[in-house]
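A short worksheet on the structure shown next.
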2 protein chains.
Amino acid sequence: MPKWDKFLSKESSLLKTSEIRDLLKLTEGKNVISFAGGLPDPTTFPAEDIKNITDYVLDNYSSRALQYSATSGIPELRKELVNLSSQRGISNISENNIFVTVGSQEALFMLFNIMVDPKDNIFVETPSYLAALNILRARNPSFHGIPLTEYGPDLDSLENQLKKLASEGKKVKLTYIIPTAQNPGGTTLSLEGRKRLLELASKYDFMIVEDDAYGFLVFDGDSPAPIKALDKEGRVIYTGTFSKILAPGLRLGWIVADEEIIQEVELFKQNVDLHTPSFTQFIAAEAIKRNVIQNNLPRIRELYRKKRDVMLHAMEQYFPKEASWSKPVGGMFVFAWLPQKIDTVKMLSTALNRGVAYVPGSSFYYDYSGRNTMRINFSFPTEEQINNGIKTLGQLVKDEM
Amino acid sequence: MPKWDKFLSKESSLLKTSEIRDLLKLTEGKNVISFAGGLPDPTTFPAEDIKNITDYVLDNYSSRALQYSATSGIPELRKELVNLSSQRGISNISENNIFVTVGSQEALFMLFNIMVDPKDNIFVETPSYLAALNILRARNPSFHGIPLTEYGPDLDSLENQLKKLASEGKKVKLTYIIPTAQNPGGTTLSLEGRKRLLELASKYDFMIVEDDAYGFLVFDGDSPAPIKALDKEGRVIYTGTFSKILAPGLRLGWIVADEEIIQEVELFKQNVDLHTPSFTQFIAAEAIKRNVIQNNLPRIRELYRKKRDVMLHAMEQYFPKEASWSKPVGGMFVFAWLPQKIDTVKMLSTALNRGVAYVPGSSFYYDYSGRNTMRINFSFPTEEQINNGIKTLGQLVKDEM
């Protein structure tokens, strides 16, 4: 074929293949205990309920479920998402504030594309969600970090940086934040913190993109209402996902936002893929309507709480006392800080040789710092794998020290 | 909410809401005979087969069908798409040349994003597919048109323009073409034409994006093999869709291309939506494997052939003799050229008032010319609606003259 590079757009040169991803790909199908993914435990999938629902949908709605549908989502699902949102404390919205997407990944992709220009000032937590950072990197913005503390993002640091930027005459476009059971940090921002962040957004006039992927997956204590629930100015754009509460293989997510924003997303989505699959939307709408999701949640939370406890217990037992790690109240991950001299990127190939995979933490930092950190997943591996894998990993870290 | 405009990216300003779309949206649910859409006849959906398949998939593969899966598509579907491609004459490819997308729309969105920069020289047929043009418009390229004749794109015109551009030292990046049962033109490029286009691509060193949406939907004579089947240099990137041969509500399409290109698309897709829904992919793979698609095709072709004939017959009867129109050998549309004095954009509101909808042809021209043309769909309306609607439309055109 002709030399391909010359046919690429400038933007595509910002998309880089990740050595880490390539390395992890090599382990697929091999006998490796993987803490690297972000996969739900497949025993949480309500397959029988979904089968009943697909039969019902195809018996009653096949001419619509198999046909093209509206770009913003089918009315039935948007209506049910208004209900589901109210269970997260978001009220005073209508179907016109809801937009259905192919996973929350597509929601973030579209939002960052319609909002972020090169050199725009944006804030992200350090660390933050890898796949969201990758979308943002392709937009080539000016990144600013909000350090994560055990109580969530350090808002003092944010305010100082906002002041400094303002004094230099620089505008901030948006802050991307995962306030509840943060990925990868596992922290949750308090109600007071949420209010303060909103005040800062108002004062310094920026938008907040709130990723609530784990809002329904908090297993210790209450899950605070999303920032969107407190938003009176329309500054917050909220994203949710069915991947953690129903099934990721359906690839369904949603946006809650002011109508003007929804309209902009609609224009963009017409270009991306016309609309989200009608069939899977009918399934999700029925799953909410029949309380399949709500009835399944206690079981998922209990399963993950137990697995998290097994992981934390194993880490206490096997990890060196010089290391520290998050005690997540929800979600799927523990994040660990190892002694500074340890480079988790370099350590990965040894780990894979010993039969354990993790994601080096630097992937979760916009500037690829945090070389001494790692993210380890507890939702997918079995309890036995967690125990054995953490034992291997703890020994490896001790050896590296 | 804060004034939203200032939070928009520069690119999003290139996305324009279409007055025509807004106008057509108003007619939804109203008593209007719509020739405007591009919807398959829902009686062609093999709902019972799909129900059997979903039961089978959920009984046997639920832990994979409901789980995250590979960005390029599940292996089962990629394997079946190699088989399906060979039925279109594309051989010598492997699963590594196949990439599964959320409809062929997403395939085109990703390809044009990774290939087209602002001011790049690209060729499109005049007229060409509306939604593909909209993606391209958002990339802000330098458009060049290949006029459509009744035998497909005018390759003499293309060659002359290529010569001229070359003499000015200008490179061409790509040509987007729908060679079989073109949308909206209904024309099909001959085998000789396909060879000549490939030679031009090679000589002037540009890529071809071949949209084969209607390749399986040719009802008169043979469907020539796609250009991709003749491609020895890897210059052709082929896109296919399940929307016309199985069900659009599944939103499934695919790309056939050289591995280097597939890898680039994979990087981009990780940002867009991680992967195409696993569940619907399992359904499509089974539908190919069980010959559901292949067995259904003769029935679809026969149905659309009949509806096309009803439409052409009605046009002979009711349209003024000053008008001309395509005699499509396949696809879903007739394209009509009316006397120059008629402006189909202006005429649309009157048509809607009289109870008939169509898409003004100018939407299918990159430069919004072709104001005297219209696209009319025959796949979705019933035969009675086609007759009555064409009668109304013909009378309207006569009144306007």
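In the structure tokens, chains take letters A, B, ... by order of appearance, with residues numbered from 1 within each chain and ligands from 1 in the order shown.
All residues of protein, DNA or RNA that reach within 8 Å of A:Val100, judged by only C-alpha atoms and not counting those fewer than 3 positions away in the chain, are Ser72, Gly73, Arg78, Leu252, Gly253, Trp254, Ile255 and Thr276 of chain A.
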(request) Can you pull out every residue within 12 Å of B:Ser85, counting only C-alpha atoms, but drop anything in the same chain fewer than 5 positions away, and send it as an MDAnalysis selection string? (result) chainID B and resid 77:80 90:95 97:98 212 215:216 225:226 228:229 238:241 254:257 288
(request) Rounded to one decimal place, report the atom CA of A:Ile293-atom CA of A:Asn83 distance in Å. (result) 12.3 Å
(request) Within 8 Å of A:Val124, counting only C-alpha atoms, which residues show up once you throw out same-chain ones fewer than 5 positions away? Write them as an MDAnalysis selection string, please. (result) chainID A and resid 143:146 175:177 366
Write out the residues from the selection above, keeping C-alpha atoms, as an mmCIF file, in the first residue's frame.
data_model
loop_
_atom_site.group_PDB
_atom_site.id
_atom_site.type_symbol
_atom_site.label_atom_id
_atom_site.label_comp_id
_atom_site.auth_asym_id
_atom_site.auth_seq_id
_atom_site.Cartn_x
_atom_site.Cartn_y
_atom_site.Cartn_z
ATOM 1 C CA PHE A 143 -3.805 20.977 31.355
ATOM 2 C CA HIS A 144 -3.887 21.956 35.020
ATOM 3 C CA GLY A 145 -3.990 19.398 37.818
ATOM 4 C CA ILE A 146 -6.040 19.278 41.004
ATOM 5 C CA THR A 175 -13.067 21.074 35.043
ATOM 6 C CA TYR A 176 -13.480 17.338 34.545
ATOM 7 C CA ILE A 177 -14.172 15.569 37.816
ATOM 8 C CA TYR A 366 -2.183 14.107 32.447
#
(request) Output as a PyMOL selection string the set of chain B residues within 6 Å of chain A, with distances taken over only C-alpha atoms. (result) chain B and resi 1+7-9+12+42+63+65-68+105-106+109+114-117+135+233-234+247-251+271-273+277-279
Using the selection just defined, write its residues with C-alpha atoms as a PDB file, in the first residue's frame.
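What follows is the written file again_11.pdb:
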ATOM      1  CA  MET B   1     -27.208  29.013  32.723  1.00  0.00           C
ATOM      2  CA  PHE B   7     -17.726  27.398  26.015  1.00  0.00           C
ATOM      3  CA  LEU B   8     -17.925  25.935  22.518  1.00  0.00           C
ATOM      4  CA  SER B   9     -14.919  24.751  20.561  1.00  0.00           C
ATOM      5  CA  SER B  12     -18.402  22.900  16.873  1.00  0.00           C
ATOM      6  CA  PRO B  42     -39.825  -2.715   8.821  1.00  0.00           C
ATOM      7  CA  SER B  63     -20.759 -13.459  30.099  1.00  0.00           C
ATOM      8  CA  ALA B  65     -22.079 -10.667  25.091  1.00  0.00           C
ATOM      9  CA  LEU B  66     -22.824  -8.440  28.114  1.00  0.00           C
ATOM     10  CA  GLN B  67     -19.164  -7.687  28.873  1.00  0.00           C
ATOM     11  CA  TYR B  68     -16.659  -5.208  27.436  1.00  0.00           C
ATOM     12  CA  GLN B 105     -21.747   6.386   9.829  1.00  0.00           C
ATOM     13  CA  GLU B 106     -19.176   5.896  12.594  1.00  0.00           C
ATOM     14  CA  PHE B 109     -16.764   9.718  10.886  1.00  0.00           C
ATOM     15  CA  ILE B 114      -8.115  10.568  10.964  1.00  0.00           C
ATOM     16  CA  MET B 115      -7.508  11.574   7.346  1.00  0.00           C
ATOM     17  CA  VAL B 116      -8.860  15.017   6.523  1.00  0.00           C
ATOM     18  CA  ASP B 117      -7.304  18.299   7.653  1.00  0.00           C
ATOM     19  CA  ILE B 135     -18.860  14.908   8.498  1.00  0.00           C
ATOM     20  CA  GLU B 233      -2.265  -1.261  -3.580  1.00  0.00           C
ATOM     21  CA  GLY B 234      -4.323  -0.872  -0.411  1.00  0.00           C
ATOM     22  CA  ALA B 247     -31.725  -4.007  10.916  1.00  0.00           C
ATOM     23  CA  PRO B 248     -30.593  -0.376  11.349  1.00  0.00           C
ATOM     24  CA  GLY B 249     -31.622  -0.414  15.027  1.00  0.00           C
ATOM     25  CA  LEU B 250     -28.606  -2.600  15.774  1.00  0.00           C
ATOM     26  CA  ARG B 251     -26.333   0.209  14.476  1.00  0.00           C
ATOM     27  CA  ASN B 271     -11.488   7.605  22.327  1.00  0.00           C
ATOM     28  CA  VAL B 272     -14.910   7.661  20.680  1.00  0.00           C
ATOM     29  CA  ASP B 273     -16.703   4.815  22.499  1.00  0.00           C
ATOM     30  CA  PRO B 277     -21.766  -3.026  21.652  1.00  0.00           C
ATOM     31  CA  SER B 278     -20.775  -6.682  22.202  1.00  0.00           C
ATOM     32  CA  PHE B 279     -24.369  -7.922  22.357  1.00  0.00           C
TER      33      PHE B 279
END
